[in-house]
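K.L.:
Shown below is the structure under consideration.
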Amino acid sequence: MELPTYFTRFLKEIRPTENQRDNCKTAHNTLRERLHRDEDLKPILVSTFLQGSYRRATAVRPKGESKLDVDIITVTNLSQCDYPNPDKAMDLFLSFLDKYYEGKYQKQGRSFGIERSHVNLDLVITSAPSEAEEEIYKSKAVRTNLTLEDVNDWLLMKSWIPPDERINQTTFLESIRGKEWKTEPLLIPNRDAGNWEKTHPLEQIKWTSKKNASCNKHYVNVVKGIKWWQRVNHEDDCPKGYPLEHLVGVCCPDRITSVAKGVTLTLETIVANYDTYALYKQTPFLPDHGVPRHNVLGRVEGEEFAAFYEHAKEAAEIAREALDIQDKEKSIKKWRELFGSKFPDSDDSDDNGNKGNSSKGPFVATTAQKPTGDLSPRRYG
């Protein structure tokens, strides 16, 4: 059974709490405001914007004492030619970090990690975009604090503004008709290799926004569900984090009508598409959005992927059984087997919250039908 109200409650339990989200907003807003006010950095700073799972609304609640991670991209006008060694470019931010975060930051392979009381911030320094693209990075569409769950009409274009700044919604909708901006990848430090490498966070955000729309707004919740399944059952598996999210994106069919179907069909598509890779312990090549030469799974070893595949295969069987079962109690039990105790246990109400109904037997409104047509697992090139 699809059990939509149960999934709503489940997702509420695994999303970052309102307090955690407030802590994130305070921490990243403070960092960004300080960056833009800093007199020493003003000559090189073009813009700052949010990226990562927090921005894409695919983050799940941290485990135990762990903290949420928030990624902040700092767009500079630094030239790769002037700073062929990215370490030297990153060093320009040391005085700023010592001033505001002394003893609370460390240099990482591709960013500065800043530890706050309730949040971990990743400050990523990027090398110059073209002058023609600087306007894009200064736009409200890029610099917004809103995540893809906060607003469902985000577009990468100059005319996009946050909902609280819109005087007339009809006029606003007219203004955002047309093509979105196309941007080039940015360059981020790779300190281990001693050079710069391409990344395209805006393209990842754009892709996620469009995918979520094509999945009837269920896609980001499918990602959260599968991330949670992995955490509960196979926390040490790889891929995890963004590579896992990217794999889910490739395999999640469009036009899904519920999170339950999305999770089931995504796991089944992984099983259908990557059996040969798992058999030969090879890592699939999944091109990154905006940087197609970059394999998102490039750091996953073949044996690691094969182990993940076997776990996904088991999960797909459990999810299919949970989806197809027409006995509510048994369906709930199977979903809890997949997702753990955060998935609600049975109670004396039906899936619509109506008291006094039997918890067993078919419910016409929520009985899952086997998918057909576009919802079937399919191969991707």
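Just remember, in the structure tokens the first chain shown is A, the second B, etc., residues are 1-based per chain, and ligands are 1-based in the order shown.
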Tell me which protein, DNA and RNA residues are within 6 Å of A:Ile188, counting only C-alpha atoms, leaving out same-chain ones fewer than 3 positions away, and put them as a ChimeraX atom specification.

P.N.:
/A:126,196-197

K.L.:
What's around stretch 146-149 of chain A at 8 Å? Count only C-alpha atoms, leave out sequence neighbours fewer than 2 positions away in its own chain, and write the answer as a VMD selection string.

P.N.:
chain A and resid 54 to 57 144 151 to 152 154 162 209

K.L.:
So how many Å separate atom CA of A:Lys281 and atom CA of A:Ser53, to one decimal?

P.N.:
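Between these atoms lies a distance of 28.2 Å.
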
K.L.:
Please identify which residues in stretch 63-184 of chain A DSSP calls strand (DSSP E or B) from the backbone, and express them as a PDB file with N, CA and C atoms, in the first residue's frame.

P.N.:
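The file below, states_32.pdb, is the result:
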```pdb
ATOM      1  N   LEU A  68      24.036  19.200  10.900  1.00  0.00           N
ATOM      2  CA  LEU A  68      23.757  19.431   9.486  1.00  0.00           C
ATOM      3  C   LEU A  68      24.944  20.121   8.822  1.00  0.00           C
ATOM      4  N   ASP A  69      25.172  19.785   7.558  1.00  0.00           N
ATOM      5  CA  ASP A  69      26.205  20.446   6.755  1.00  0.00           C
ATOM      6  C   ASP A  69      25.540  21.440   5.807  1.00  0.00           C
ATOM      7  N   VAL A  70      26.075  22.642   5.752  1.00  0.00           N
ATOM      8  CA  VAL A  70      25.593  23.650   4.805  1.00  0.00           C
ATOM      9  C   VAL A  70      26.781  24.116   3.971  1.00  0.00           C
ATOM     10  N   ASP A  71      26.645  24.033   2.650  1.00  0.00           N
ATOM     11  CA  ASP A  71      27.725  24.412   1.730  1.00  0.00           C
ATOM     12  C   ASP A  71      27.487  25.813   1.191  1.00  0.00           C
ATOM     13  N   ILE A  72      28.500  26.649   1.306  1.00  0.00           N
ATOM     14  CA  ILE A  72      28.425  28.020   0.782  1.00  0.00           C
ATOM     15  C   ILE A  72      29.495  28.190  -0.280  1.00  0.00           C
ATOM     16  N   ILE A  73      29.063  28.495  -1.490  1.00  0.00           N
ATOM     17  CA  ILE A  73      29.988  28.778  -2.584  1.00  0.00           C
ATOM     18  C   ILE A  73      30.349  30.261  -2.547  1.00  0.00           C
ATOM     19  N   THR A  74      31.646  30.551  -2.554  1.00  0.00           N
ATOM     20  CA  THR A  74      32.117  31.924  -2.652  1.00  0.00           C
ATOM     21  C   THR A  74      32.692  32.126  -4.050  1.00  0.00           C
ATOM     22  N   VAL A  75      32.016  32.944  -4.834  1.00  0.00           N
ATOM     23  CA  VAL A  75      32.443  33.207  -6.201  1.00  0.00           C
ATOM     24  C   VAL A  75      33.401  34.399  -6.180  1.00  0.00           C
ATOM     25  N   THR A  76      34.615  34.178  -6.662  1.00  0.00           N
ATOM     26  CA  THR A  76      35.619  35.256  -6.686  1.00  0.00           C
ATOM     27  C   THR A  76      35.971  35.614  -8.127  1.00  0.00           C
ATOM     28  N   TYR A 105      37.958  26.531  12.452  1.00  0.00           N
ATOM     29  CA  TYR A 105      37.965  26.162  11.035  1.00  0.00           C
ATOM     30  C   TYR A 105      39.193  25.339  10.709  1.00  0.00           C
ATOM     31  N   GLN A 106      39.110  24.628   9.602  1.00  0.00           N
ATOM     32  CA  GLN A 106      40.268  23.894   9.108  1.00  0.00           C
ATOM     33  C   GLN A 106      40.229  23.847   7.583  1.00  0.00           C
ATOM     34  N   LYS A 107      41.406  23.805   7.011  1.00  0.00           N
ATOM     35  CA  LYS A 107      41.535  23.705   5.567  1.00  0.00           C
ATOM     36  C   LYS A 107      41.285  22.261   5.148  1.00  0.00           C
ATOM     37  N   PHE A 112      37.014  25.188   3.139  1.00  0.00           N
ATOM     38  CA  PHE A 112      37.281  25.395   4.550  1.00  0.00           C
ATOM     39  C   PHE A 112      36.096  24.826   5.328  1.00  0.00           C
ATOM     40  N   GLY A 113      36.369  23.983   6.295  1.00  0.00           N
ATOM     41  CA  GLY A 113      35.327  23.495   7.175  1.00  0.00           C
ATOM     42  C   GLY A 113      35.259  24.373   8.409  1.00  0.00           C
ATOM     43  N   ILE A 114      34.071  24.903   8.702  1.00  0.00           N
ATOM     44  CA  ILE A 114      33.873  25.783   9.849  1.00  0.00           C
ATOM     45  C   ILE A 114      32.877  25.120  10.792  1.00  0.00           C
ATOM     46  N   GLU A 115      33.304  24.901  12.016  1.00  0.00           N
ATOM     47  CA  GLU A 115      32.444  24.228  12.994  1.00  0.00           C
ATOM     48  C   GLU A 115      31.742  25.257  13.865  1.00  0.00           C
ATOM     49  N   VAL A 119      25.898  23.583  13.629  1.00  0.00           N
ATOM     50  CA  VAL A 119      25.971  23.447  12.176  1.00  0.00           C
ATOM     51  C   VAL A 119      27.436  23.328  11.747  1.00  0.00           C
ATOM     52  N   ASN A 120      27.684  22.546  10.717  1.00  0.00           N
ATOM     53  CA  ASN A 120      28.990  22.540  10.061  1.00  0.00           C
ATOM     54  C   ASN A 120      28.869  23.281   8.733  1.00  0.00           C
ATOM     55  N   LEU A 121      29.701  24.290   8.547  1.00  0.00           N
ATOM     56  CA  LEU A 121      29.686  25.065   7.316  1.00  0.00           C
ATOM     57  C   LEU A 121      30.868  24.662   6.442  1.00  0.00           C
ATOM     58  N   ASP A 122      30.634  24.509   5.159  1.00  0.00           N
ATOM     59  CA  ASP A 122      31.701  24.275   4.189  1.00  0.00           C
ATOM     60  C   ASP A 122      31.797  25.508   3.294  1.00  0.00           C
ATOM     61  N   LEU A 123      32.904  26.214   3.388  1.00  0.00           N
ATOM     62  CA  LEU A 123      33.121  27.411   2.591  1.00  0.00           C
ATOM     63  C   LEU A 123      33.999  27.034   1.398  1.00  0.00           C
ATOM     64  N   VAL A 124      33.405  27.075   0.205  1.00  0.00           N
ATOM     65  CA  VAL A 124      34.084  26.653  -1.017  1.00  0.00           C
ATOM     66  C   VAL A 124      34.492  27.900  -1.804  1.00  0.00           C
ATOM     67  N   ILE A 125      35.778  28.022  -2.084  1.00  0.00           N
ATOM     68  CA  ILE A 125      36.298  29.156  -2.850  1.00  0.00           C
ATOM     69  C   ILE A 125      36.351  28.766  -4.318  1.00  0.00           C
ATOM     70  N   THR A 126      35.763  29.570  -5.195  1.00  0.00           N
ATOM     71  CA  THR A 126      35.779  29.249  -6.622  1.00  0.00           C
ATOM     72  C   THR A 126      36.512  30.324  -7.416  1.00  0.00           C
ATOM     73  N   SER A 127      37.124  29.881  -8.487  1.00  0.00           N
ATOM     74  CA  SER A 127      37.860  30.775  -9.377  1.00  0.00           C
ATOM     75  C   SER A 127      36.899  31.441 -10.355  1.00  0.00           C
TER      76      SER A 127
END
```

K.L.:
Excluding same-chain residues fewer than 5 positions from stretch 298-303 of chain A, what lies within 8 Å of it counting only C-alpha atoms, as a ChimeraX atom specification?

P.N.:
/A:238-239,277-278,280-283,285
